[in-house]
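Below: the structure, in structure tokens.
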Amino acid sequence: MSERPPISPRSPRAALEPEQVPPPPKRSDRARNPFVIVGNAIITLLLVAMIGAGVIYVYGKQKLEAPGPLQEDKIVNIPSRSGMTDIADILQREGVIDSNRWAFIGSVFALKARSDMKPGEYAFSKNASLRDVIGTIVEGKVVQHSVTIPEGLTSEQIVGRLLDNEIFSGTIREIPSEGSLLPETYKFPRGTPRDQVIARMHQAQRRALAEIWERRSPDLPLKSAEQLVTLASIVEKETSKPNERSRVAAVFINRLQKKMKLQSDPTIIYGLVGGKGTLGRPIKRSEIQQPSPYNTYVVDGLPPGPIANPGRASLEATASPARTRDLFFVADGTGGHTFTETYDQHQKNVAKLRTLEKQIQNDTVEPPDDPPANAAAPAANAPEENADAPKSATPSQPQKRGRKAGNPRQGAAESTATPPVAQR
């Protein structure tokens, strides 16, 4: 067993004093360098910033991609000159984004899209994310409204429709020339100036007319594309059935080639009311021979200009009419027409139509119990109607209408392209 070393005796005073602890080792001069201290602080800050940026990035990405609060598809209008906060307020009010509008504003800045935000009417889908919402506005995917201009309207009627349509803005300074607009279905964003709508219809008509005129039949008795528009406008007003256009055009083409008058009632009506389009009553007998540049019962050949704005189908039918010898056509009582080459057969068809009209009238009108003594005589103030021209409508058949709803066709007696009335 080893012995412990002897403990040297200490004085009482020394025993009460604390033992001396050896001092810590001195830091090197490099560790005390201020550049090292600053560098360590910078590294620490950078690490904290990177971690913070990573957290913000993950949170922001989740926020951008998360489904939005919109419960169903919705159209929202963002007015022009709307600021960032205005856009956020509108989207929040419409339920497109949640109550935290600052998330939207921050996302716009994060995506560097502030200067690319465009006003307009936008369609947002159900649960659209912030990224989808911002992308839609930045790309300017505004809602396109379909606007249908029916064939056969006059330029004045088209202008009236555009002025009544609330999706357009501005006014129209003057009525376009007749036949210079192409009736079609167009798409426009809300707020489109009406002058731009007219300009687009002008451009569409010029382009379509150039293409159709280039492909026209070589033996057409028409000297210019403008004459094609004029004749096509008459064809447009004469029939609403697509399968009849080329045959109606053939009748008028054959008449022009034979130097026969066209005798189209819609031209009489245009000469009476101009751009108003409709007469509102049957043509009177006296109006058939009333002098007018547009009355094709009086003038030879074509009228001085179109009587409406024909559609593409009527332009094509007139440029490439059916190969027939027909010179006459008359309503058949069912909405269509019967075509013939000879006047005798035409008169028989007219007689059939008269018989059908009387039969329908007898079936639909009940005679009074006590007929007046002058029942057989016409009323003293009855209008002098065109009794010789077959009507475009019978009691059982409404007056022919356009191919699209709201197209007001002429309501007067229909042209039958017959010899002069005196020969009937």
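Identifiers in this document derive from the order of the structure tokens: chains are assigned A, B, ..., residues are numbered from 1 separately in each chain, and ligands are numbered from 1 in order of occurrence.
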Which segment 176-238 of chain A residues have any atom within 12 Å of an atom of segment 274-288 of chain A, and for each, what is the nearest pair of atoms with distance in Å to one decimal, counting only C-alpha atoms, rows sorted by chain and number, as a tab-separated table?
residue	atom	partner	partner_atom	distance
A:Pro176	CA	A:Gly275	CA	10.7
A:Ser177	CA	A:Gly275	CA	10.0
A:Glu178	CA	A:Gly275	CA	8.1
A:Gly179	CA	A:Gly275	CA	11.0
A:Lys237	CA	A:Gly277	CA	10.3
Would you export the selected residues with C-alpha atoms as a PDB file, in the first residue's frame, please?
ATOM      1  CA  PRO A 176     -71.095  54.074 -93.649  1.00  0.00           C
ATOM      2  CA  SER A 177     -71.906  53.772 -97.325  1.00  0.00           C
ATOM      3  CA  GLU A 178     -74.472  51.104 -98.150  1.00  0.00           C
ATOM      4  CA  GLY A 179     -73.034  47.683 -98.807  1.00  0.00           C
ATOM      5  CA  LYS A 237     -83.392  40.718 -99.630  1.00  0.00           C
TER       6      LYS A 237
END
Just asking: which residues within segment 161-387 of chain A are strand (DSSP E or B) according to DSSP, as a ChimeraX atom specification? /A:169,185-189,193,284,328-331,337-340,385
DSSP alpha helix (DSSP H) residues within segment 28-273 of chain A, listed as a PyMOL selection string: chain A and resi 34-65+84-93+101-110+130-138+155-164+194-214+225-238+245-257+265-273
Segment 105-114 of chain A environment, 9 Å, only C-alpha atoms, sequence neighbours closer than 6 positions dropped, as number ranges by chain: A: 60, 63-64, 84-85, 88, 130-131, 134-135, 138
Could you pull the residues within 12 Å of segment 221-223 of chain A, counting only C-alpha atoms, minus those fewer than 3 positions along the same chain, as a list in words? Trp213, Arg216, Ser217, Pro218, Glu226, Gln227, Leu228, Val229, Thr230, Leu231, Ala232, Ala249, Ala250, Phe252, Ile253, Asn254, Arg255, Leu256, Gln257, Lys258, Lys259, Gly301, Leu302, Thr318, Ala319, Ser320 and Pro321 of chain A
Please save C-alpha atoms of the selected residues as a JSON list (two decimals), in the first residue's frame.
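Just written: out_4.json:
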[["chain", "number", "residue", "atom", "x", "y", "z"],
["A", 213, "TRP", "CA", -64.61, 38.79, -107.13],
["A", 216, "ARG", "CA", -66.33, 34.95, -110.07],
["A", 217, "SER", "CA", -67.81, 33.24, -113.08],
["A", 218, "PRO", "CA", -66.18, 34.58, -116.24],
["A", 226, "GLU", "CA", -69.26, 47.24, -106.65],
["A", 227, "GLN", "CA", -71.95, 46.02, -109.06],
["A", 228, "LEU", "CA", -71.57, 42.55, -107.57],
["A", 229, "VAL", "CA", -72.35, 43.99, -104.12],
["A", 230, "THR", "CA", -75.39, 45.81, -105.53],
["A", 231, "LEU", "CA", -76.88, 42.68, -107.10],
["A", 232, "ALA", "CA", -75.96, 40.55, -104.07],
["A", 249, "ALA", "CA", -79.09, 35.25, -108.48],
["A", 250, "ALA", "CA", -79.38, 33.29, -111.74],
["A", 252, "PHE", "CA", -81.41, 38.35, -112.16],
["A", 253, "ILE", "CA", -78.24, 37.49, -114.09],
["A", 254, "ASN", "CA", -80.36, 36.01, -116.92],
["A", 255, "ARG", "CA", -82.53, 39.12, -116.94],
["A", 256, "LEU", "CA", -79.50, 41.41, -117.15],
["A", 257, "GLN", "CA", -78.16, 39.39, -120.06],
["A", 258, "LYS", "CA", -81.50, 39.63, -121.87],
["A", 259, "LYS", "CA", -81.82, 43.38, -121.15],
["A", 301, "GLY", "CA", -80.33, 47.25, -115.17],
["A", 302, "LEU", "CA", -79.02, 47.67, -111.66],
["A", 318, "THR", "CA", -74.13, 36.16, -107.05],
["A", 319, "ALA", "CA", -70.55, 35.69, -108.20],
["A", 320, "SER", "CA", -71.24, 32.05, -109.12],
["A", 321, "PRO", "CA", -74.98, 31.78, -109.90]]
Report as a tab-separated table: every residue of segment 69-188 of chain A with an atom at most 12 Å from segment 308-312 of chain A, its closest pair of atoms, and their distance in Å to one decimal, counting only C-alpha atoms, with rows sorted by chain and ascending residue number.
residue	atom	partner	partner_atom	distance
A:Thr148	CA	A:Gly311	CA	11.8
A:Ile149	CA	A:Gly311	CA	9.6
A:Pro150	CA	A:Gly311	CA	8.0
A:Glu151	CA	A:Gly311	CA	5.0
A:Gly152	CA	A:Asn309	CA	5.3
A:Leu153	CA	A:Ala308	CA	5.5
A:Thr154	CA	A:Ala308	CA	4.3
A:Ser155	CA	A:Asn309	CA	6.8
A:Glu156	CA	A:Ala308	CA	9.4
A:Gln157	CA	A:Ala308	CA	9.4
A:Ile158	CA	A:Asn309	CA	9.1
A:Val159	CA	A:Asn309	CA	12.0
A:Pro176	CA	A:Asn309	CA	10.5
A:Ser177	CA	A:Asn309	CA	9.5
A:Glu178	CA	A:Ala308	CA	6.0
A:Gly179	CA	A:Asn309	CA	4.2
A:Ser180	CA	A:Asn309	CA	6.8
A:Leu181	CA	A:Asn309	CA	6.1
A:Leu182	CA	A:Gly311	CA	6.1
A:Pro183	CA	A:Gly311	CA	5.4
A:Glu184	CA	A:Gly311	CA	7.3
A:Thr185	CA	A:Gly311	CA	10.9
Output of the above residues as a compact mmCIF listing (two decimals), in the first residue's frame, restricted to N, CA and C atoms:
# COMPACT_ATOMS: atom_id res chain seq x y z
N THR A 148 -73.36 39.49 -83.29
CA THR A 148 -73.82 39.03 -84.61
C THR A 148 -74.54 40.15 -85.33
N ILE A 149 -74.07 40.47 -86.50
CA ILE A 149 -74.74 41.45 -87.38
C ILE A 149 -75.42 40.66 -88.48
N PRO A 150 -76.76 40.61 -88.50
CA PRO A 150 -77.48 39.80 -89.50
C PRO A 150 -77.28 40.34 -90.91
N GLU A 151 -77.33 39.43 -91.86
CA GLU A 151 -77.27 39.81 -93.27
C GLU A 151 -78.53 40.57 -93.66
N GLY A 152 -78.38 41.46 -94.62
CA GLY A 152 -79.54 42.15 -95.17
C GLY A 152 -79.92 43.43 -94.47
N LEU A 153 -79.21 43.82 -93.41
CA LEU A 153 -79.50 45.09 -92.76
C LEU A 153 -78.87 46.24 -93.55
N THR A 154 -79.49 47.39 -93.51
CA THR A 154 -78.88 48.57 -94.11
C THR A 154 -77.80 49.09 -93.16
N SER A 155 -76.96 49.96 -93.67
CA SER A 155 -75.91 50.53 -92.83
C SER A 155 -76.49 51.32 -91.68
N GLU A 156 -77.59 52.01 -91.92
CA GLU A 156 -78.23 52.77 -90.85
C GLU A 156 -78.76 51.84 -89.76
N GLN A 157 -79.30 50.69 -90.14
CA GLN A 157 -79.78 49.73 -89.16
C GLN A 157 -78.63 49.13 -88.37
N ILE A 158 -77.51 48.86 -89.03
CA ILE A 158 -76.34 48.32 -88.33
C ILE A 158 -75.81 49.32 -87.32
N VAL A 159 -75.72 50.58 -87.71
CA VAL A 159 -75.26 51.62 -86.79
C VAL A 159 -76.19 51.70 -85.58
N PRO A 176 -71.93 54.61 -92.56
CA PRO A 176 -71.09 54.07 -93.65
C PRO A 176 -71.91 53.94 -94.93
N SER A 177 -71.22 53.94 -96.04
CA SER A 177 -71.91 53.77 -97.32
C SER A 177 -72.56 52.40 -97.39
N GLU A 178 -73.70 52.35 -98.08
CA GLU A 178 -74.47 51.10 -98.15
C GLU A 178 -73.67 50.00 -98.82
N GLY A 179 -73.72 48.83 -98.23
CA GLY A 179 -73.03 47.68 -98.81
C GLY A 179 -71.56 47.58 -98.47
N SER A 180 -71.04 48.50 -97.66
CA SER A 180 -69.60 48.51 -97.36
C SER A 180 -69.25 47.72 -96.11
N LEU A 181 -70.23 47.16 -95.42
CA LEU A 181 -70.00 46.41 -94.19
C LEU A 181 -70.32 44.94 -94.42
N LEU A 182 -69.54 44.06 -93.79
CA LEU A 182 -69.78 42.64 -93.94
C LEU A 182 -70.51 42.11 -92.71
N PRO A 183 -71.77 41.68 -92.87
CA PRO A 183 -72.49 41.10 -91.74
C PRO A 183 -71.91 39.73 -91.38
N GLU A 184 -71.50 39.59 -90.15
CA GLU A 184 -70.93 38.34 -89.65
C GLU A 184 -71.05 38.34 -88.14
N THR A 185 -70.54 37.28 -87.52
CA THR A 185 -70.40 37.25 -86.06
C THR A 185 -68.98 37.62 -85.72
